[in-house]
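**Student:** Dumping the structure here so I can ask a few things about it.
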Amino acid sequence: MSNLNKALLIGRLTKDPEMRYTPSGTAVTNFSIATNRWSSGGEGERKEFTDYHNIVAYNAGKRNLAEIVAQYTRKGALVYVEGRIQTRSWEGQDGQKRRTTEIIANDVQFLDSRSGGGGGGAGVGGGGVAADGAARSRPSASEDIPAPDDAPRDVDPDEIPF
């Protein structure tokens with residue numbers, strides 16, 4: 001039997017993304033998004049609930065996902081995130097065991113229009129959603145955003161660490 005670990009989310013950034021570098025020099029961007037869902041309450045009334053998701057984007061191989069997300073998104077931007085769920089544990093400075101669950105992104109698409117609010121931009125994976133909910137084509141980041149230092153945008157599957 002096979003296993004599957006995949007998360008697909010559409011939501012708005014709750015704060016500006018934060019980019020940092022690992023000791024080996026790999027860029028990592030952390031951000032969180034909020035997603036809304038509706039459910040019936042105890043007396044039958046419809047209630048809206050908000051869930052918050054921590055997202056981590058790495059630069060992987062020739063793909064500068066972490067840098068693009070940090071540069072082209074801001075708080076309030078509508079994004080589509082595709083990735084895997086990961087839970088990790090560590091011991092805090094106070095000796096208490098800590099645990100967090102996060103989404104490790106392997107694709108992020110910016111769904112806001114460039115002129116629209118929320119700091120939108122081009123999609124890292126292409127495509128988008130129009131205001132009426134209909135799908136529309138939009139250039140991918142490799143066509144729309146200049147590559148830093150003219151780095152090639154082709155992704156070699158052998159260089160993806162996951």
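Each chain in the structure tokens gets a letter, A, B and so on, in the order shown; residues start at 1 in every chain, and ligands are counted from 1 in the order they appear.
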Return as a Markdown table the residues of region 29-72 of chain A lying at most 12 Å from region 11-17 of chain A, together with the closest atom-to-atom pair for each and the distance in Å to one decimal, counting only C-alpha atoms, with rows in chain order and ascending residue number.
**Tutor:**
```
| residue | atom | partner | partner_atom | distance |
| --- | --- | --- | --- | --- |
| A:Thr29 | CA | A:Pro17 | CA | 6.4 |
| A:Asn30 | CA | A:Pro17 | CA | 5.8 |
| A:Phe31 | CA | A:Pro17 | CA | 4.6 |
| A:Ser32 | CA | A:Leu13 | CA | 5.7 |
| A:Ile33 | CA | A:Leu13 | CA | 4.3 |
| A:Ala34 | CA | A:Gly11 | CA | 5.3 |
| A:Thr35 | CA | A:Gly11 | CA | 4.8 |
| A:Asn36 | CA | A:Gly11 | CA | 7.7 |
| A:Arg37 | CA | A:Gly11 | CA | 10.8 |
| A:Thr50 | CA | A:Gly11 | CA | 10.0 |
| A:Asp51 | CA | A:Gly11 | CA | 9.5 |
| A:Tyr52 | CA | A:Thr14 | CA | 8.4 |
| A:His53 | CA | A:Gly11 | CA | 9.2 |
| A:Asn54 | CA | A:Thr14 | CA | 9.9 |
| A:Ile55 | CA | A:Pro17 | CA | 9.5 |
| A:Val56 | CA | A:Pro17 | CA | 9.7 |
| A:Ala57 | CA | A:Pro17 | CA | 10.0 |
| A:Ala66 | CA | A:Pro17 | CA | 9.5 |
| A:Glu67 | CA | A:Pro17 | CA | 10.1 |
| A:Ile68 | CA | A:Pro17 | CA | 10.5 |
| A:Val69 | CA | A:Pro17 | CA | 7.4 |
| A:Ala70 | CA | A:Pro17 | CA | 5.5 |
| A:Gln71 | CA | A:Pro17 | CA | 8.5 |
| A:Tyr72 | CA | A:Pro17 | CA | 9.5 |
```
**Student:** Just the number, please: distance in Å from CA of Ala7 (chain A) to CA of Val81 (chain A), one decimal.
**Tutor:**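 We find that CA of Ala7 (chain A) and CA of Val81 (chain A) lie 7.8 Å from each other.
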**Student:** If you count only C-alpha atoms, which residues fall within 10 Å of Thr22 (chain A), apart from same-chain ones fewer than 5 positions away, as number ranges by chain?
**Tutor:** A: 27-28, 58
**Student:** A:Thr73, A:Asn59, A:Asp112, A:Gln93: which is nearest Gly25 (chain A), counting only C-alpha atoms?
**Tutor:**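 Looking only at the distances to Gly25 (chain A), the closest residue turns out to be A:Asn59.
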**Student:** Return the single residue from A:Arg88, A:Gly76, A:Leu8, A:Gly83 that is closest to Ile103 (chain A), with distances computed using only C-alpha atoms.
**Tutor:**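 So, comparing all the options, the nearest one is A:Gly83.
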**Student:** Hey, which of A:Gly61, A:Trp38, A:Leu111, A:Gln86 ends up closest to Arg99 (chain A)? Count only C-alpha atoms.
**Tutor:**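 Using only C-alpha atoms, the shortest distance to Arg99 (chain A) belongs to A:Gln86.
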**Student:** So, with only C-alpha atoms as the atoms that count, which of A:Glu91, A:Asp107, A:Glu45, A:Glu82 lies closest to Asn64 (chain A)?
**Tutor:** A:Asp107
**Student:** Where in region 35-116 of chain A does DSSP assign strand (DSSP E or B), given as an mmCIF file with N, CA and C atoms, in the first residue's frame?
**Tutor:**
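Listed below is the output, states.cif:
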```cif
data_model
loop_
_atom_site.group_PDB
_atom_site.id
_atom_site.type_symbol
_atom_site.label_atom_id
_atom_site.label_comp_id
_atom_site.auth_asym_id
_atom_site.auth_seq_id
_atom_site.Cartn_x
_atom_site.Cartn_y
_atom_site.Cartn_z
ATOM 1 N N THR A 35 -7.005 30.280 6.282
ATOM 2 C CA THR A 35 -8.044 29.732 5.410
ATOM 3 C C THR A 35 -9.354 29.759 6.188
ATOM 4 N N ASN A 36 -10.452 29.962 5.477
ATOM 5 C CA ASN A 36 -11.768 30.019 6.111
ATOM 6 C C ASN A 36 -12.591 28.818 5.706
ATOM 7 N N ARG A 37 -13.442 28.377 6.605
ATOM 8 C CA ARG A 37 -14.385 27.290 6.323
ATOM 9 C C ARG A 37 -15.677 27.609 7.055
ATOM 10 N N TRP A 38 -16.749 27.027 6.567
ATOM 11 C CA TRP A 38 -18.076 27.257 7.148
ATOM 12 C C TRP A 38 -18.606 25.962 7.731
ATOM 13 N N SER A 39 -19.327 26.080 8.845
ATOM 14 C CA SER A 39 -19.938 24.923 9.479
ATOM 15 C C SER A 39 -21.186 25.384 10.214
ATOM 16 N N SER A 40 -22.045 24.443 10.519
ATOM 17 C CA SER A 40 -23.252 24.765 11.288
ATOM 18 C C SER A 40 -22.934 24.742 12.768
ATOM 19 N N ARG A 46 -25.133 29.103 10.578
ATOM 20 C CA ARG A 46 -23.848 28.953 9.863
ATOM 21 C C ARG A 46 -22.809 29.820 10.536
ATOM 22 N N LYS A 47 -21.657 29.211 10.821
ATOM 23 C CA LYS A 47 -20.559 29.940 11.442
ATOM 24 C C LYS A 47 -19.314 29.806 10.573
ATOM 25 N N GLU A 48 -18.535 30.874 10.545
ATOM 26 C CA GLU A 48 -17.273 30.844 9.809
ATOM 27 C C GLU A 48 -16.148 30.578 10.794
ATOM 28 N N PHE A 49 -15.257 29.679 10.403
ATOM 29 C CA PHE A 49 -14.089 29.349 11.215
ATOM 30 C C PHE A 49 -12.837 29.656 10.398
ATOM 31 N N THR A 50 -11.790 30.092 11.068
ATOM 32 C CA THR A 50 -10.524 30.392 10.401
ATOM 33 C C THR A 50 -9.451 29.474 10.946
ATOM 34 N N ASP A 51 -8.698 28.865 10.041
ATOM 35 C CA ASP A 51 -7.556 28.033 10.405
ATOM 36 C C ASP A 51 -6.292 28.735 9.939
ATOM 37 N N TYR A 52 -5.225 28.599 10.711
ATOM 38 C CA TYR A 52 -3.946 29.222 10.386
ATOM 39 C C TYR A 52 -2.918 28.135 10.103
ATOM 40 N N HIS A 53 -2.131 28.331 9.051
ATOM 41 C CA HIS A 53 -1.172 27.326 8.602
ATOM 42 C C HIS A 53 0.202 27.965 8.465
ATOM 43 N N ASN A 54 1.211 27.354 9.074
ATOM 44 C CA ASN A 54 2.587 27.818 8.935
ATOM 45 C C ASN A 54 3.181 27.153 7.704
ATOM 46 N N ILE A 55 3.795 27.970 6.836
ATOM 47 C CA ILE A 55 4.345 27.493 5.573
ATOM 48 C C ILE A 55 5.847 27.760 5.558
ATOM 49 N N VAL A 56 6.616 26.813 5.021
ATOM 50 C CA VAL A 56 8.063 26.967 4.853
ATOM 51 C C VAL A 56 8.381 26.714 3.385
ATOM 52 N N ALA A 57 9.078 27.683 2.757
ATOM 53 C CA ALA A 57 9.493 27.544 1.355
ATOM 54 C C ALA A 57 11.013 27.592 1.298
ATOM 55 N N TYR A 58 11.595 26.606 0.651
ATOM 56 C CA TYR A 58 13.054 26.531 0.478
ATOM 57 C C TYR A 58 13.414 26.815 -0.973
ATOM 58 N N ALA A 60 15.234 25.206 -3.822
ATOM 59 C CA ALA A 60 15.589 23.810 -4.081
ATOM 60 C C ALA A 60 16.215 23.705 -5.458
ATOM 61 N N ARG A 63 15.667 26.224 -8.384
ATOM 62 C CA ARG A 63 14.376 26.878 -8.173
ATOM 63 C C ARG A 63 14.461 27.801 -6.962
ATOM 64 N N LEU A 78 -3.369 36.824 -1.601
ATOM 65 C CA LEU A 78 -4.042 35.539 -1.784
ATOM 66 C C LEU A 78 -3.092 34.603 -2.521
ATOM 67 N N VAL A 79 -2.833 33.428 -1.930
ATOM 68 C CA VAL A 79 -1.895 32.475 -2.528
ATOM 69 C C VAL A 79 -2.472 31.064 -2.501
ATOM 70 N N TYR A 80 -2.004 30.284 -3.464
ATOM 71 C CA TYR A 80 -2.251 28.844 -3.503
ATOM 72 C C TYR A 80 -0.936 28.189 -3.109
ATOM 73 N N VAL A 81 -0.982 27.282 -2.146
ATOM 74 C CA VAL A 81 0.220 26.593 -1.685
ATOM 75 C C VAL A 81 -0.002 25.095 -1.847
ATOM 76 N N GLU A 82 0.992 24.441 -2.438
ATOM 77 C CA GLU A 82 0.976 22.991 -2.560
ATOM 78 C C GLU A 82 2.246 22.472 -1.900
ATOM 79 N N GLY A 83 2.105 21.468 -1.054
ATOM 80 C CA GLY A 83 3.279 20.936 -0.386
ATOM 81 C C GLY A 83 2.946 19.710 0.431
ATOM 82 N N ARG A 84 3.798 19.443 1.415
ATOM 83 C CA ARG A 84 3.594 18.282 2.287
ATOM 84 C C ARG A 84 3.536 18.756 3.735
ATOM 85 N N ILE A 85 2.868 17.973 4.562
ATOM 86 C CA ILE A 85 2.725 18.285 5.983
ATOM 87 C C ILE A 85 3.896 17.659 6.732
ATOM 88 N N GLN A 86 4.490 18.453 7.612
ATOM 89 C CA GLN A 86 5.621 17.957 8.406
ATOM 90 C C GLN A 86 5.443 18.404 9.852
ATOM 91 N N THR A 87 5.660 17.491 10.769
ATOM 92 C CA THR A 87 5.652 17.812 12.196
ATOM 93 C C THR A 87 7.047 17.579 12.727
ATOM 94 N N ARG A 88 7.548 18.553 13.459
ATOM 95 C CA ARG A 88 8.881 18.396 14.050
ATOM 96 C C ARG A 88 8.836 18.780 15.516
ATOM 97 N N SER A 89 9.773 18.223 16.276
ATOM 98 C CA SER A 89 9.858 18.451 17.718
ATOM 99 C C SER A 89 11.263 18.928 18.071
ATOM 100 N N TRP A 90 11.361 19.693 19.140
ATOM 101 C CA TRP A 90 12.649 20.144 19.658
ATOM 102 C C TRP A 90 12.476 20.516 21.125
ATOM 103 N N GLU A 91 13.580 20.688 21.789
ATOM 104 C CA GLU A 91 13.546 21.099 23.184
ATOM 105 C C GLU A 91 13.884 22.583 23.261
ATOM 106 N N LYS A 97 9.623 20.449 25.955
ATOM 107 C CA LYS A 97 9.560 19.890 24.609
ATOM 108 C C LYS A 97 8.532 20.690 23.805
ATOM 109 N N ARG A 98 8.913 21.106 22.612
ATOM 110 C CA ARG A 98 8.050 21.874 21.728
ATOM 111 C C ARG A 98 7.767 21.042 20.475
ATOM 112 N N ARG A 99 6.651 21.371 19.818
ATOM 113 C CA ARG A 99 6.249 20.641 18.625
ATOM 114 C C ARG A 99 5.496 21.596 17.717
ATOM 115 N N THR A 100 5.736 21.480 16.423
ATOM 116 C CA THR A 100 5.006 22.307 15.466
ATOM 117 C C THR A 100 4.697 21.489 14.223
ATOM 118 N N THR A 101 3.600 21.838 13.580
ATOM 119 C CA THR A 101 3.222 21.223 12.316
ATOM 120 C C THR A 101 3.203 22.327 11.278
ATOM 121 N N GLU A 102 3.838 22.070 10.133
ATOM 122 C CA GLU A 102 3.938 23.090 9.096
ATOM 123 C C GLU A 102 3.810 22.447 7.725
ATOM 124 N N ILE A 103 3.581 23.269 6.728
ATOM 125 C CA ILE A 103 3.515 22.814 5.342
ATOM 126 C C ILE A 103 4.839 23.176 4.683
ATOM 127 N N ILE A 104 5.521 22.192 4.124
ATOM 128 C CA ILE A 104 6.743 22.431 3.355
ATOM 129 C C ILE A 104 6.300 22.617 1.910
ATOM 130 N N ALA A 105 6.369 23.852 1.420
ATOM 131 C CA ALA A 105 5.852 24.189 0.095
ATOM 132 C C ALA A 105 6.774 23.693 -1.003
ATOM 133 N N ASN A 106 6.169 23.121 -2.043
ATOM 134 C CA ASN A 106 6.939 22.836 -3.248
ATOM 135 C C ASN A 106 6.394 23.622 -4.433
ATOM 136 N N ASP A 107 5.286 24.348 -4.227
ATOM 137 C CA ASP A 107 4.737 25.241 -5.241
ATOM 138 C C ASP A 107 3.915 26.319 -4.550
ATOM 139 N N VAL A 108 4.079 27.547 -4.993
ATOM 140 C CA VAL A 108 3.273 28.667 -4.504
ATOM 141 C C VAL A 108 2.839 29.455 -5.728
ATOM 142 N N GLN A 109 1.546 29.724 -5.818
ATOM 143 C CA GLN A 109 1.028 30.563 -6.900
ATOM 144 C C GLN A 109 0.376 31.784 -6.285
ATOM 145 N N PHE A 110 0.648 32.950 -6.880
ATOM 146 C CA PHE A 110 0.068 34.197 -6.397
ATOM 147 C C PHE A 110 -1.235 34.421 -7.154
#
```
**Student:** May I ask for the distance between CA of Arg20 (chain A) and CA of Asp94 (chain A), given in Å to one decimal place?
**Tutor:**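 Result for CA of Arg20 (chain A) versus CA of Asp94 (chain A): 24.0 Å, one decimal.
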**Student:** Enter the distance from CA of Leu4 (chain A) to CA of Thr26 (chain A), in Å, rounded to one decimal.
**Tutor:** 26.6 Å
